[in-house]
Amino acid sequence: MPIRRGLTLIYTGDGKGKTSASLGLIVRAAAQGSAPTGSTASSGKPWRIAFLQFIKQWDFLSEHKTLRDRFPEVTHELYGEGFVGILGDKKPRQVHEKAAMAGITRAKQLLTAENYDLVILDEICGTVTGNLVPEAAVLELMDAKPAAAHLALTGRGATAAMIARADLVTEMREVKHPFQQGIQAQRGIDF
């Protein structure tokens with residue numbers, strides 16, 4: 001069997017779909033190690049998968065419920081204190097920074113010490129552009145990724161240095177959004 005080459009993937013841009021794309025990775029990765037339909041042959045050992053969410057804090061989000069209820073084998077942890085400085089946020093900036101840096105530390109542990117196969121850092125790009133974590137901390141994490149591990153980063157504003165280190169970069173571009181017509185976020189579509 002060929003040796004797996006771990007990839008670094010980035011989903012960025014101002015359009016919707018970055019978190020959704022990373023959840024699609026989970027669906028594919030969770031199937032690894034199970035027998036294909038109609039077969040008794042396994043494709044190998046199950047993958048160890050982690051989904052770390054930055055900035056977001058709410059456990060009512062659909063992705064949280066889905067991972068908890070339908071993918072309990074996926075490690076899902078929140079490293080956010082909510083959107084910084086908007087939507088009624090009254091927390092000191094240091095609280096947001098501390099949560100984000102704890103997520104960086106945890107991601108490095110999952111990749112290097114615990115040998116996870118896929119680690120997703122949802123909204124990590126926004127923590128860099130929002131000055132919650134230094135770009136250098138994310139670049140160091142990207143460089144520390146073991147050769148066989150996959151790492152996915154999502155969020156608006158991936159930096160040029162992050163993009164240069166990635167194997168795959170997809171930019172979601174907003175063409176039209178219901179909010180422009182006064183339509184609020186919709187359950188099942190936006191959260």
# chains A, B, ... in the order shown; residues from 1 in each chain; ligands from 1
$ residues_around --residues "region 69-79 of chain A" --least-positions-apart "2" --cutoff "6 Å" --atoms "only C-alpha atoms" --output "JSON, numbers by chain"
{"A": [49, 50, 51, 52, 53, 54, 65, 66, 67, 99, 100, 103]}
$ write_last_selection --atoms "N, CA, C and O atoms" --output "PDB file, in the first residue's frame"
ATOM      1  N   ILE A  49     -10.060  11.750  13.653  1.00  0.00           N
ATOM      2  CA  ILE A  49     -10.462  13.031  13.082  1.00  0.00           C
ATOM      3  C   ILE A  49     -10.761  14.017  14.208  1.00  0.00           C
ATOM      4  O   ILE A  49     -11.431  13.666  15.181  1.00  0.00           O
ATOM      5  N   ALA A  50     -10.309  15.254  14.041  1.00  0.00           N
ATOM      6  CA  ALA A  50     -10.623  16.320  15.000  1.00  0.00           C
ATOM      7  C   ALA A  50     -11.121  17.551  14.250  1.00  0.00           C
ATOM      8  O   ALA A  50     -10.596  17.906  13.198  1.00  0.00           O
ATOM      9  N   PHE A  51     -12.139  18.166  14.808  1.00  0.00           N
ATOM     10  CA  PHE A  51     -12.741  19.386  14.266  1.00  0.00           C
ATOM     11  C   PHE A  51     -12.714  20.419  15.382  1.00  0.00           C
ATOM     12  O   PHE A  51     -13.473  20.335  16.343  1.00  0.00           O
ATOM     13  N   LEU A  52     -11.769  21.365  15.284  1.00  0.00           N
ATOM     14  CA  LEU A  52     -11.628  22.406  16.296  1.00  0.00           C
ATOM     15  C   LEU A  52     -12.200  23.695  15.727  1.00  0.00           C
ATOM     16  O   LEU A  52     -11.782  24.149  14.661  1.00  0.00           O
ATOM     17  N   GLN A  53     -13.161  24.261  16.441  1.00  0.00           N
ATOM     18  CA  GLN A  53     -13.791  25.490  15.962  1.00  0.00           C
ATOM     19  C   GLN A  53     -13.268  26.683  16.745  1.00  0.00           C
ATOM     20  O   GLN A  53     -13.313  26.704  17.973  1.00  0.00           O
ATOM     21  N   PHE A  54     -12.799  27.677  16.010  1.00  0.00           N
ATOM     22  CA  PHE A  54     -12.323  28.920  16.578  1.00  0.00           C
ATOM     23  C   PHE A  54     -13.402  29.987  16.395  1.00  0.00           C
ATOM     24  O   PHE A  54     -14.232  29.881  15.498  1.00  0.00           O
ATOM     25  N   LYS A  65     -24.261  19.764  16.600  1.00  0.00           N
ATOM     26  CA  LYS A  65     -25.252  18.697  16.846  1.00  0.00           C
ATOM     27  C   LYS A  65     -24.969  17.473  15.974  1.00  0.00           C
ATOM     28  O   LYS A  65     -25.054  16.343  16.440  1.00  0.00           O
ATOM     29  N   THR A  66     -24.648  17.705  14.717  1.00  0.00           N
ATOM     30  CA  THR A  66     -24.392  16.589  13.806  1.00  0.00           C
ATOM     31  C   THR A  66     -23.174  15.789  14.238  1.00  0.00           C
ATOM     32  O   THR A  66     -23.208  14.558  14.276  1.00  0.00           O
ATOM     33  N   LEU A  67     -22.101  16.484  14.557  1.00  0.00           N
ATOM     34  CA  LEU A  67     -20.899  15.771  14.993  1.00  0.00           C
ATOM     35  C   LEU A  67     -21.162  15.008  16.288  1.00  0.00           C
ATOM     36  O   LEU A  67     -20.760  13.856  16.434  1.00  0.00           O
ATOM     37  N   ALA A  99      -8.527  31.859  24.346  1.00  0.00           N
ATOM     38  CA  ALA A  99      -9.252  30.713  23.783  1.00  0.00           C
ATOM     39  C   ALA A  99      -8.632  30.274  22.461  1.00  0.00           C
ATOM     40  O   ALA A  99      -8.421  29.079  22.220  1.00  0.00           O
ATOM     41  N   ALA A 100      -8.316  31.229  21.598  1.00  0.00           N
ATOM     42  CA  ALA A 100      -7.735  30.905  20.293  1.00  0.00           C
ATOM     43  C   ALA A 100      -6.355  30.266  20.440  1.00  0.00           C
ATOM     44  O   ALA A 100      -6.041  29.271  19.765  1.00  0.00           O
ATOM     45  N   GLY A 103      -6.564  26.723  21.399  1.00  0.00           N
ATOM     46  CA  GLY A 103      -6.882  25.886  20.241  1.00  0.00           C
ATOM     47  C   GLY A 103      -5.660  25.549  19.407  1.00  0.00           C
ATOM     48  O   GLY A 103      -5.516  24.423  18.922  1.00  0.00           O
TER      49      GLY A 103
END
$ select_by_dssp --residues "region 13-84 of chain A" --states "alpha helix (DSSP H)" --output "compact mmCIF listing (two decimals) with N, CA, C and O atoms, in the first residue's frame"
# COMPACT_ATOMS: atom_id res chain seq x y z
N LYS A 18 -17.32 27.58 3.59
CA LYS A 18 -16.00 27.16 4.07
C LYS A 18 -16.12 26.07 5.14
O LYS A 18 -15.47 25.02 5.04
N THR A 19 -16.94 26.30 6.14
CA THR A 19 -17.16 25.28 7.17
C THR A 19 -17.83 24.06 6.55
O THR A 19 -17.46 22.92 6.86
N SER A 20 -18.79 24.28 5.68
CA SER A 20 -19.48 23.16 5.02
C SER A 20 -18.51 22.28 4.24
O SER A 20 -18.62 21.05 4.26
N ALA A 21 -17.56 22.90 3.56
CA ALA A 21 -16.56 22.12 2.82
C ALA A 21 -15.74 21.26 3.76
O ALA A 21 -15.45 20.09 3.48
N SER A 22 -15.37 21.82 4.91
CA SER A 22 -14.56 21.05 5.86
C SER A 22 -15.38 19.91 6.47
O SER A 22 -14.84 18.85 6.77
N LEU A 23 -16.68 20.13 6.65
CA LEU A 23 -17.54 19.04 7.15
C LEU A 23 -17.64 17.92 6.12
O LEU A 23 -17.76 16.75 6.48
N GLY A 24 -17.58 18.27 4.85
CA GLY A 24 -17.54 17.24 3.80
C GLY A 24 -16.30 16.38 3.92
O GLY A 24 -16.35 15.16 3.67
N LEU A 25 -15.18 16.98 4.31
CA LEU A 25 -13.96 16.20 4.55
C LEU A 25 -14.20 15.17 5.66
O LEU A 25 -13.74 14.04 5.58
N ILE A 26 -14.92 15.59 6.71
CA ILE A 26 -15.21 14.67 7.81
C ILE A 26 -16.03 13.49 7.33
O ILE A 26 -15.75 12.34 7.69
N VAL A 27 -17.03 13.74 6.50
CA VAL A 27 -17.87 12.66 5.98
C VAL A 27 -17.02 11.65 5.22
O VAL A 27 -17.15 10.44 5.41
N ARG A 28 -16.13 12.14 4.37
CA ARG A 28 -15.25 11.23 3.62
C ARG A 28 -14.27 10.50 4.53
O ARG A 28 -14.09 9.29 4.43
N ALA A 29 -13.64 11.24 5.42
CA ALA A 29 -12.62 10.65 6.29
C ALA A 29 -13.23 9.63 7.26
O ALA A 29 -12.59 8.62 7.57
N ALA A 30 -14.44 9.89 7.72
CA ALA A 30 -15.09 8.97 8.66
C ALA A 30 -15.38 7.62 8.03
O ALA A 30 -15.48 6.61 8.73
N SER A 62 -25.72 23.67 13.95
CA SER A 62 -26.02 22.36 13.36
C SER A 62 -24.79 21.47 13.25
O SER A 62 -24.88 20.27 13.46
N GLU A 63 -23.63 22.06 12.94
CA GLU A 63 -22.44 21.22 12.82
C GLU A 63 -22.09 20.57 14.16
O GLU A 63 -21.66 19.43 14.23
N HIS A 64 -22.32 21.30 15.24
CA HIS A 64 -22.04 20.74 16.57
C HIS A 64 -22.98 19.56 16.85
O HIS A 64 -22.55 18.49 17.27
N LYS A 65 -24.26 19.76 16.60
CA LYS A 65 -25.25 18.70 16.85
C LYS A 65 -24.97 17.47 15.97
O LYS A 65 -25.05 16.34 16.44
N THR A 66 -24.65 17.71 14.72
CA THR A 66 -24.39 16.59 13.81
C THR A 66 -23.17 15.79 14.24
O THR A 66 -23.21 14.56 14.28
N LEU A 67 -22.10 16.48 14.56
CA LEU A 67 -20.90 15.77 14.99
C LEU A 67 -21.16 15.01 16.29
O LEU A 67 -20.76 13.86 16.43
N ARG A 68 -21.84 15.63 17.24
CA ARG A 68 -22.12 14.99 18.52
C ARG A 68 -23.01 13.75 18.35
O ARG A 68 -22.73 12.70 18.90
N ASP A 69 -24.06 13.88 17.55
CA ASP A 69 -25.06 12.82 17.45
C ASP A 69 -24.76 11.77 16.39
O ASP A 69 -25.09 10.60 16.57
N ARG A 70 -24.15 12.16 15.29
CA ARG A 70 -23.96 11.23 14.17
C ARG A 70 -22.53 10.81 13.93
O ARG A 70 -22.27 9.83 13.24
$ closest_residue --among "A:Ala148, A:Asp89, A:Lys16, A:Cys125" --to "Ala160 (chain A)" --atoms "only C-alpha atoms"
A:Cys125
$ residues_around --residues "Arg4 (chain A)" --least-positions-apart "3" --cutoff "12 Å" --atoms "only C-alpha atoms" --output "list in words"
Met1, Leu7, Asp117, Pro146, Ala147, Ala148, Ala149 and His150 of chain A
$ select_by_dssp --residues "region 17-136 of chain A" --states "strand (DSSP E or B)" --output "VMD selection string"
chain A and resid 49 to 54 75 to 79 118 to 122
$ atom_distance --atom1 "CA of Met172 (chain A)" --atom2 "CA of Thr8 (chain A)"
17.0 Å
$ atom_distance --atom1 "CA of Gly126 (chain A)" --atom2 "CA of Ala185 (chain A)"
19.8 Å
$ closest_residue --among "A:Leu61, A:Val169, A:Val119, A:Ile55" --to "Asn131 (chain A)" --atoms "only C-alpha atoms"
A:Ile55
$ residues_around --residues "region 162-164 of chain A" --least-positions-apart "6" --cutoff "10 Å" --atoms "only C-alpha atoms" --output "PyMOL selection string"
chain A and resi 8-12+125+135-136+138-139+142+153+170
$ write_last_selection --atoms "N, CA and C atoms" --output "PDB file, in the first residue's frame"
ATOM      1  N   THR A   8      -2.276  19.851   3.184  1.00  0.00           N
ATOM      2  CA  THR A   8      -2.769  21.024   3.891  1.00  0.00           C
ATOM      3  C   THR A   8      -3.736  21.730   2.951  1.00  0.00           C
ATOM      4  N   LEU A   9      -4.971  21.879   3.420  1.00  0.00           N
ATOM      5  CA  LEU A   9      -6.037  22.454   2.616  1.00  0.00           C
ATOM      6  C   LEU A   9      -6.530  23.732   3.270  1.00  0.00           C
ATOM      7  N   ILE A  10      -6.863  24.718   2.470  1.00  0.00           N
ATOM      8  CA  ILE A  10      -7.423  25.962   2.974  1.00  0.00           C
ATOM      9  C   ILE A  10      -8.706  26.261   2.202  1.00  0.00           C
ATOM     10  N   TYR A  11      -9.763  26.559   2.962  1.00  0.00           N
ATOM     11  CA  TYR A  11     -11.030  27.051   2.399  1.00  0.00           C
ATOM     12  C   TYR A  11     -11.198  28.466   2.929  1.00  0.00           C
ATOM     13  N   THR A  12     -11.128  29.455   2.040  1.00  0.00           N
ATOM     14  CA  THR A  12     -11.128  30.856   2.459  1.00  0.00           C
ATOM     15  C   THR A  12     -12.043  31.658   1.540  1.00  0.00           C
ATOM     16  N   CYS A 125      -8.408  31.128  10.061  1.00  0.00           N
ATOM     17  CA  CYS A 125      -7.907  32.266   9.279  1.00  0.00           C
ATOM     18  C   CYS A 125      -8.400  33.584   9.869  1.00  0.00           C
ATOM     19  N   GLU A 135       0.115  35.291  13.135  1.00  0.00           N
ATOM     20  CA  GLU A 135       0.253  34.468  11.937  1.00  0.00           C
ATOM     21  C   GLU A 135       1.352  33.430  12.135  1.00  0.00           C
ATOM     22  N   ALA A 136       2.426  33.806  12.800  1.00  0.00           N
ATOM     23  CA  ALA A 136       3.561  32.903  13.013  1.00  0.00           C
ATOM     24  C   ALA A 136       3.147  31.627  13.741  1.00  0.00           C
ATOM     25  N   VAL A 138       0.256  30.049  13.509  1.00  0.00           N
ATOM     26  CA  VAL A 138      -0.428  29.165  12.549  1.00  0.00           C
ATOM     27  C   VAL A 138       0.582  28.594  11.561  1.00  0.00           C
ATOM     28  N   LEU A 139       1.514  29.409  11.104  1.00  0.00           N
ATOM     29  CA  LEU A 139       2.537  28.918  10.179  1.00  0.00           C
ATOM     30  C   LEU A 139       3.394  27.839  10.838  1.00  0.00           C
ATOM     31  N   MET A 142       1.418  24.693  10.819  1.00  0.00           N
ATOM     32  CA  MET A 142       1.407  24.118   9.474  1.00  0.00           C
ATOM     33  C   MET A 142       2.729  23.404   9.187  1.00  0.00           C
ATOM     34  N   LEU A 153      -7.694  24.237   7.069  1.00  0.00           N
ATOM     35  CA  LEU A 153      -7.920  25.519   7.714  1.00  0.00           C
ATOM     36  C   LEU A 153      -9.050  26.228   6.977  1.00  0.00           C
ATOM     37  N   THR A 170      -8.978  26.777  -1.809  1.00  0.00           N
ATOM     38  CA  THR A 170     -10.222  27.080  -2.497  1.00  0.00           C
ATOM     39  C   THR A 170     -10.764  28.375  -1.911  1.00  0.00           C
TER      40      THR A 170
END
$ atom_distance --atom1 "CA of Asp14 (chain A)" --atom2 "CA of Glu174 (chain A)"
5.8 Å
